[in-house]
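Peer 1: Have a look at this one.
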Amino acid sequence: MSVLLKKITFEGVGTKELVQQMEAKKKCSSKLPTWFETEGIFYPDKLNIEQTSSETTAQYKANLVNGKSLVDLTGGYGVDSYFFSMKVGQVYHCEINNDLSEIAAYNYEVLGVTNIECLPYDGLEFLAGTDQLFDWIYIDPSRRNDAKGKVFMLSDCLPDVPNNLSLLFEKAPQILIKTSPLLDFTIGINELQFVKEIHVVAVKNEVKELLWVLKKDHQGDIDIKTINFNTEIEETFEFAWADEKRNISQFGMPQSYLYEPNAAILKSGAFRSIGNTFGLKKLHEHSHLYTSETLVDFPGRLFQIINAVPYNKKALQQLGIRKANVTTRNFPESVERIRKKHKLQDGGDIYLFFTTIHDGNYMVLQCSKTT
């Protein structure tokens with residue numbers, strides 16, 4: 001029977017609140033195991049849980065900061081501040097929603113954290129009104145509901161970081177900004193100042209967030225750092241923003257092995273740097289698939305090429321494949337259309353890549369995954 005139909009036996013707790021706590025806690029089981037496994041934790045509504053960082057990404061962020069003090073201008077449920085407190089002497093958690101601020105403060109006490117001060121204020125107003133200086137400022141801007149157009153701009157968010165950079169740099173020499181993966185690198189770089197690093201963080205090959213490290217008066221190149229947290233390994237790749245523009249790809253026909261970069265690398269735009277770093281040939285400027293004669297360790301999916309045939313009905317029929325995992329890269333037809341057109345079932349151990357090669361022709365690559 002649903003909890004909603006049962007008589008509540010907790011004094012002072014209504015049915016709606018109990019159900020909210022149960023649903024929110026359930027969402028934390030894999031995303032926030034520390035909170036899930038700690039007795040006495042209080043949970044906000046499900047939306048706050050969905051919007052907060054996971055422990056995996058919060059721990060990664062915490063490794064980017066250090067020093068005596070950090071102020072989190074958009075504290076929310078407080079996951080990021082919790083992990084920052086393990087790396088910084090004193091953390092200030094600003095949250096304009098008084099209820100959420102109280103929840104965070106209560107949970108920190110339950111978790112045994114003593115170096116986080118929760119302030120129920122607007123983060124920017126707190127900064128403007130304090131004489132205190134900090135080693136770091138952390139901001140997780142949220143997009144305004146009335147933001148127009150499809151182009152994601154930081155100036156469309158609250159707080160408006162680009163228009164408050166002077167204030168931010170008055171209070172701290174280093175700023176860490178978390179943004180949605182939708183933000184275009186070029187747009188972000190143009191809107192911000194003194195960008196030192198951009199981190200692309202993916203979990204199980206899904207990009208979760210972009211992290212922008214700003215250092216006051218930084219004049220050097222911008223380092224791009226990608227990480228993909230897989231179940232067993234962490235795939236990392238780094239390159240310089242300026243080098244990617246200078247690099248020249250080497251193109252070639254499919255050889256013995258095929259490489260597909262992980263989602264973090266694809267988001268970073270390291271299409272030339274990745275090939276050059278690992279000595280790979282690229283199939284086409286816009287296909288973002290790579291090949292080599294000998295196998296190399298690579299941050300992404302690795303395949304052995306069994307057959308490479310031109311894309312036409314006769315060639316596909318000769319392969320005699322009825323079940324396969326289908327991927328398209330720089331190809332005019334969708335996976336769904338290809339499956340229907342060529343009567344291909346999903347799954348199995350065969351991988352078919354439908355792509356364009358460097359001479360402009362379409363090709364199908366039959367592959368098996370390497371171990």
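Simple scheme: letters A, B, ... for chains in structure tokens order, numbers from 1 for residues in each chain, numbers from 1 for ligands in the order shown.
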Excluding same-chain residues fewer than 3 positions from stretch 219-228 of chain A, what lies within 7 Å of it counting only C-alpha atoms, as a tab-separated table (two decimals) with N, CA, C and O atoms, in the first residue's frame?

Peer 2:
```
chain	number	residue	atom	x	y	z
A	194	PHE	N	40.57	36.31	-17.90
A	194	PHE	CA	41.66	35.59	-17.25
A	194	PHE	C	41.36	34.10	-17.07
A	194	PHE	O	41.64	33.50	-16.04
A	195	VAL	N	40.78	33.48	-18.11
A	195	VAL	CA	40.50	32.04	-18.03
A	195	VAL	C	41.83	31.29	-18.09
A	195	VAL	O	42.59	31.41	-19.05
A	196	LYS	N	42.10	30.50	-17.08
A	196	LYS	CA	43.35	29.75	-16.99
A	196	LYS	C	43.16	28.29	-17.41
A	196	LYS	O	44.00	27.71	-18.10
A	197	GLU	N	42.04	27.70	-16.98
A	197	GLU	CA	41.76	26.29	-17.29
A	197	GLU	C	40.28	26.09	-17.53
A	197	GLU	O	39.44	26.78	-16.94
A	198	ILE	N	39.98	25.11	-18.39
A	198	ILE	CA	38.60	24.63	-18.55
A	198	ILE	C	38.65	23.12	-18.36
A	198	ILE	O	39.41	22.42	-19.03
A	199	HIS	N	37.83	22.63	-17.44
A	199	HIS	CA	37.76	21.20	-17.18
A	199	HIS	C	36.42	20.66	-17.69
A	199	HIS	O	35.37	21.21	-17.39
A	200	VAL	N	36.49	19.58	-18.46
A	200	VAL	CA	35.29	18.91	-18.96
A	200	VAL	C	35.15	17.61	-18.17
A	200	VAL	O	35.99	16.72	-18.27
A	201	VAL	N	34.08	17.51	-17.39
A	201	VAL	CA	33.91	16.37	-16.49
A	201	VAL	C	32.74	15.50	-16.97
A	201	VAL	O	31.60	15.96	-17.06
A	202	ALA	N	33.06	14.24	-17.28
A	202	ALA	CA	32.04	13.28	-17.72
A	202	ALA	C	32.01	12.11	-16.75
A	202	ALA	O	33.03	11.74	-16.15
A	203	VAL	N	30.83	11.53	-16.59
A	203	VAL	CA	30.66	10.33	-15.78
A	203	VAL	C	29.99	9.27	-16.65
A	203	VAL	O	28.93	9.51	-17.21
A	204	LYS	N	30.65	8.13	-16.81
A	204	LYS	CA	30.16	7.04	-17.66
A	204	LYS	C	29.82	7.55	-19.05
A	204	LYS	O	28.77	7.27	-19.61
A	205	ASN	N	30.73	8.34	-19.59
A	205	ASN	CA	30.67	8.88	-20.95
A	205	ASN	C	29.51	9.84	-21.19
A	205	ASN	O	29.08	10.04	-22.32
A	234	GLU	N	39.69	5.99	-14.90
A	234	GLU	CA	39.48	7.41	-15.18
A	234	GLU	C	40.27	7.75	-16.45
A	234	GLU	O	41.48	7.62	-16.48
A	235	GLU	N	39.56	8.16	-17.49
A	235	GLU	CA	40.20	8.52	-18.75
A	235	GLU	C	40.48	10.02	-18.74
A	235	GLU	O	39.54	10.82	-18.59
A	236	THR	N	41.73	10.40	-18.90
A	236	THR	CA	42.09	11.82	-18.88
A	236	THR	C	42.83	12.19	-20.16
A	236	THR	O	43.53	11.37	-20.76
A	237	PHE	N	42.64	13.44	-20.55
A	237	PHE	CA	43.37	13.97	-21.70
A	237	PHE	C	43.45	15.49	-21.55
A	237	PHE	O	42.46	16.13	-21.18
A	238	GLU	N	44.63	16.04	-21.82
A	238	GLU	CA	44.84	17.49	-21.68
A	238	GLU	C	45.47	18.04	-22.96
A	238	GLU	O	46.25	17.37	-23.62
A	239	PHE	N	45.13	19.29	-23.24
A	239	PHE	CA	45.74	19.98	-24.38
A	239	PHE	C	45.60	21.48	-24.18
A	239	PHE	O	44.84	21.94	-23.32
A	240	ALA	N	46.34	22.23	-24.96
A	240	ALA	CA	46.27	23.69	-24.90
A	240	ALA	C	45.30	24.20	-25.96
A	240	ALA	O	45.32	23.73	-27.11
A	241	TRP	N	44.48	25.16	-25.58
A	241	TRP	CA	43.46	25.72	-26.49
A	241	TRP	C	44.10	26.25	-27.77
A	241	TRP	O	43.61	26.00	-28.88
A	242	ALA	N	45.22	26.94	-27.64
A	242	ALA	CA	45.88	27.51	-28.82
A	242	ALA	C	46.51	26.43	-29.70
A	242	ALA	O	46.51	26.54	-30.93
A	264	ALA	N	33.82	13.49	-23.13
A	264	ALA	CA	34.51	14.68	-22.61
A	264	ALA	C	35.45	15.26	-23.67
A	264	ALA	O	35.54	16.48	-23.85
A	265	ILE	N	36.17	14.40	-24.37
A	265	ILE	CA	37.08	14.86	-25.42
A	265	ILE	C	36.30	15.47	-26.58
A	265	ILE	O	36.68	16.51	-27.13
```

Peer 1: In stretch 15-224 of chain A, what's strand (DSSP E) per DSSP? Answer as an NGL selection string?

Peer 2: :A and (69-72 or 90-94 or 116-119 or 136-139 or 142-143 or 157-158 or 174-179 or 195-203 or 206-215 or 223-224)

Peer 1: Take atom CA of A:Glu333 and atom CA of A:Tyr290 and report the distance between them in Å, one decimal.

Peer 2: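 So the two atoms, atom CA of A:Glu333 and atom CA of A:Tyr290, lie 20.6 Å apart.
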
Peer 1: Report as a list in words all protein, DNA and RNA residues lying within 9 Å of stretch 41-47 of chain A, evaluated on only C-alpha atoms, omitting residues in the same chain fewer than 6 positions from it.

Peer 2: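 Once the nearby chain positions are removed, what remains is Gln20, Gln21, Met22, Glu23, Ala24, Lys25, Lys27, Trp35, Tyr77, Asp99, Leu100, Ile103, Ala104, Tyr106, Asn107, Val110 and Leu111 of chain A.
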
Peer 1: Restricting it to N, CA, C and O atoms, dump the selection as a PDB file, in the first residue's frame.

Peer 2:
```pdb
ATOM      1  N   GLN A  20       8.128  13.035   0.607  1.00  0.00           N
ATOM      2  CA  GLN A  20       9.192  13.851   0.003  1.00  0.00           C
ATOM      3  C   GLN A  20      10.562  13.373   0.465  1.00  0.00           C
ATOM      4  O   GLN A  20      11.493  13.249  -0.336  1.00  0.00           O
ATOM      5  N   GLN A  21      10.684  13.083   1.771  1.00  0.00           N
ATOM      6  CA  GLN A  21      11.957  12.620   2.302  1.00  0.00           C
ATOM      7  C   GLN A  21      12.358  11.267   1.702  1.00  0.00           C
ATOM      8  O   GLN A  21      13.517  11.044   1.332  1.00  0.00           O
ATOM      9  N   MET A  22      11.392  10.375   1.553  1.00  0.00           N
ATOM     10  CA  MET A  22      11.674   9.048   1.018  1.00  0.00           C
ATOM     11  C   MET A  22      12.096   9.119  -0.443  1.00  0.00           C
ATOM     12  O   MET A  22      13.048   8.459  -0.872  1.00  0.00           O
ATOM     13  N   GLU A  23      11.382   9.941  -1.216  1.00  0.00           N
ATOM     14  CA  GLU A  23      11.697  10.056  -2.645  1.00  0.00           C
ATOM     15  C   GLU A  23      13.047  10.724  -2.860  1.00  0.00           C
ATOM     16  O   GLU A  23      13.836  10.299  -3.712  1.00  0.00           O
ATOM     17  N   ALA A  24      13.326  11.775  -2.078  1.00  0.00           N
ATOM     18  CA  ALA A  24      14.599  12.486  -2.215  1.00  0.00           C
ATOM     19  C   ALA A  24      15.764  11.591  -1.800  1.00  0.00           C
ATOM     20  O   ALA A  24      16.806  11.562  -2.462  1.00  0.00           O
ATOM     21  N   LYS A  25      15.588  10.847  -0.716  1.00  0.00           N
ATOM     22  CA  LYS A  25      16.654   9.956  -0.260  1.00  0.00           C
ATOM     23  C   LYS A  25      16.952   8.887  -1.299  1.00  0.00           C
ATOM     24  O   LYS A  25      18.117   8.549  -1.551  1.00  0.00           O
ATOM     25  N   LYS A  27      16.811   9.094  -4.454  1.00  0.00           N
ATOM     26  CA  LYS A  27      17.616   9.671  -5.535  1.00  0.00           C
ATOM     27  C   LYS A  27      19.082   9.825  -5.133  1.00  0.00           C
ATOM     28  O   LYS A  27      19.952   9.985  -5.984  1.00  0.00           O
ATOM     29  N   TRP A  35      25.526  11.016   2.002  1.00  0.00           N
ATOM     30  CA  TRP A  35      24.273  11.499   2.580  1.00  0.00           C
ATOM     31  C   TRP A  35      23.299  10.323   2.775  1.00  0.00           C
ATOM     32  O   TRP A  35      22.664  10.209   3.817  1.00  0.00           O
ATOM     33  N   TYR A  77      22.128  22.791  -1.826  1.00  0.00           N
ATOM     34  CA  TYR A  77      22.043  21.723  -0.835  1.00  0.00           C
ATOM     35  C   TYR A  77      23.369  21.522  -0.105  1.00  0.00           C
ATOM     36  O   TYR A  77      23.414  20.899   0.952  1.00  0.00           O
ATOM     37  N   ASP A  99      15.306  28.254   3.824  1.00  0.00           N
ATOM     38  CA  ASP A  99      15.032  26.864   4.192  1.00  0.00           C
ATOM     39  C   ASP A  99      16.181  25.953   3.764  1.00  0.00           C
ATOM     40  O   ASP A  99      16.619  25.083   4.527  1.00  0.00           O
ATOM     41  N   LEU A 100      16.670  26.165   2.540  1.00  0.00           N
ATOM     42  CA  LEU A 100      17.757  25.335   2.022  1.00  0.00           C
ATOM     43  C   LEU A 100      19.045  25.593   2.808  1.00  0.00           C
ATOM     44  O   LEU A 100      19.821  24.671   3.067  1.00  0.00           O
ATOM     45  N   ILE A 103      18.748  23.682   6.021  1.00  0.00           N
ATOM     46  CA  ILE A 103      18.915  22.242   5.785  1.00  0.00           C
ATOM     47  C   ILE A 103      20.403  21.906   5.657  1.00  0.00           C
ATOM     48  O   ILE A 103      20.894  20.935   6.242  1.00  0.00           O
ATOM     49  N   ALA A 104      21.122  22.720   4.878  1.00  0.00           N
ATOM     50  CA  ALA A 104      22.552  22.484   4.695  1.00  0.00           C
ATOM     51  C   ALA A 104      23.291  22.573   6.034  1.00  0.00           C
ATOM     52  O   ALA A 104      24.129  21.715   6.349  1.00  0.00           O
ATOM     53  N   TYR A 106      22.121  22.133   9.067  1.00  0.00           N
ATOM     54  CA  TYR A 106      21.754  20.988   9.902  1.00  0.00           C
ATOM     55  C   TYR A 106      22.522  19.732   9.468  1.00  0.00           C
ATOM     56  O   TYR A 106      23.079  19.001  10.293  1.00  0.00           O
ATOM     57  N   ASN A 107      22.569  19.498   8.152  1.00  0.00           N
ATOM     58  CA  ASN A 107      23.247  18.299   7.649  1.00  0.00           C
ATOM     59  C   ASN A 107      24.748  18.334   7.898  1.00  0.00           C
ATOM     60  O   ASN A 107      25.366  17.304   8.154  1.00  0.00           O
ATOM     61  N   VAL A 110      25.217  17.069  11.271  1.00  0.00           N
ATOM     62  CA  VAL A 110      25.042  15.613  11.305  1.00  0.00           C
ATOM     63  C   VAL A 110      26.278  14.913  10.745  1.00  0.00           C
ATOM     64  O   VAL A 110      26.718  13.876  11.253  1.00  0.00           O
ATOM     65  N   LEU A 111      26.863  15.505   9.696  1.00  0.00           N
ATOM     66  CA  LEU A 111      28.034  14.922   9.039  1.00  0.00           C
ATOM     67  C   LEU A 111      29.332  15.206   9.790  1.00  0.00           C
ATOM     68  O   LEU A 111      30.401  14.715   9.402  1.00  0.00           O
TER      69      LEU A 111
END
```

Peer 1: Between atom CA of A:Pro141 and atom CA of A:Leu210, what is the distance in Å, rounded to a tenth?

Peer 2: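 Between these atoms lies a distance of 11.8 Å.
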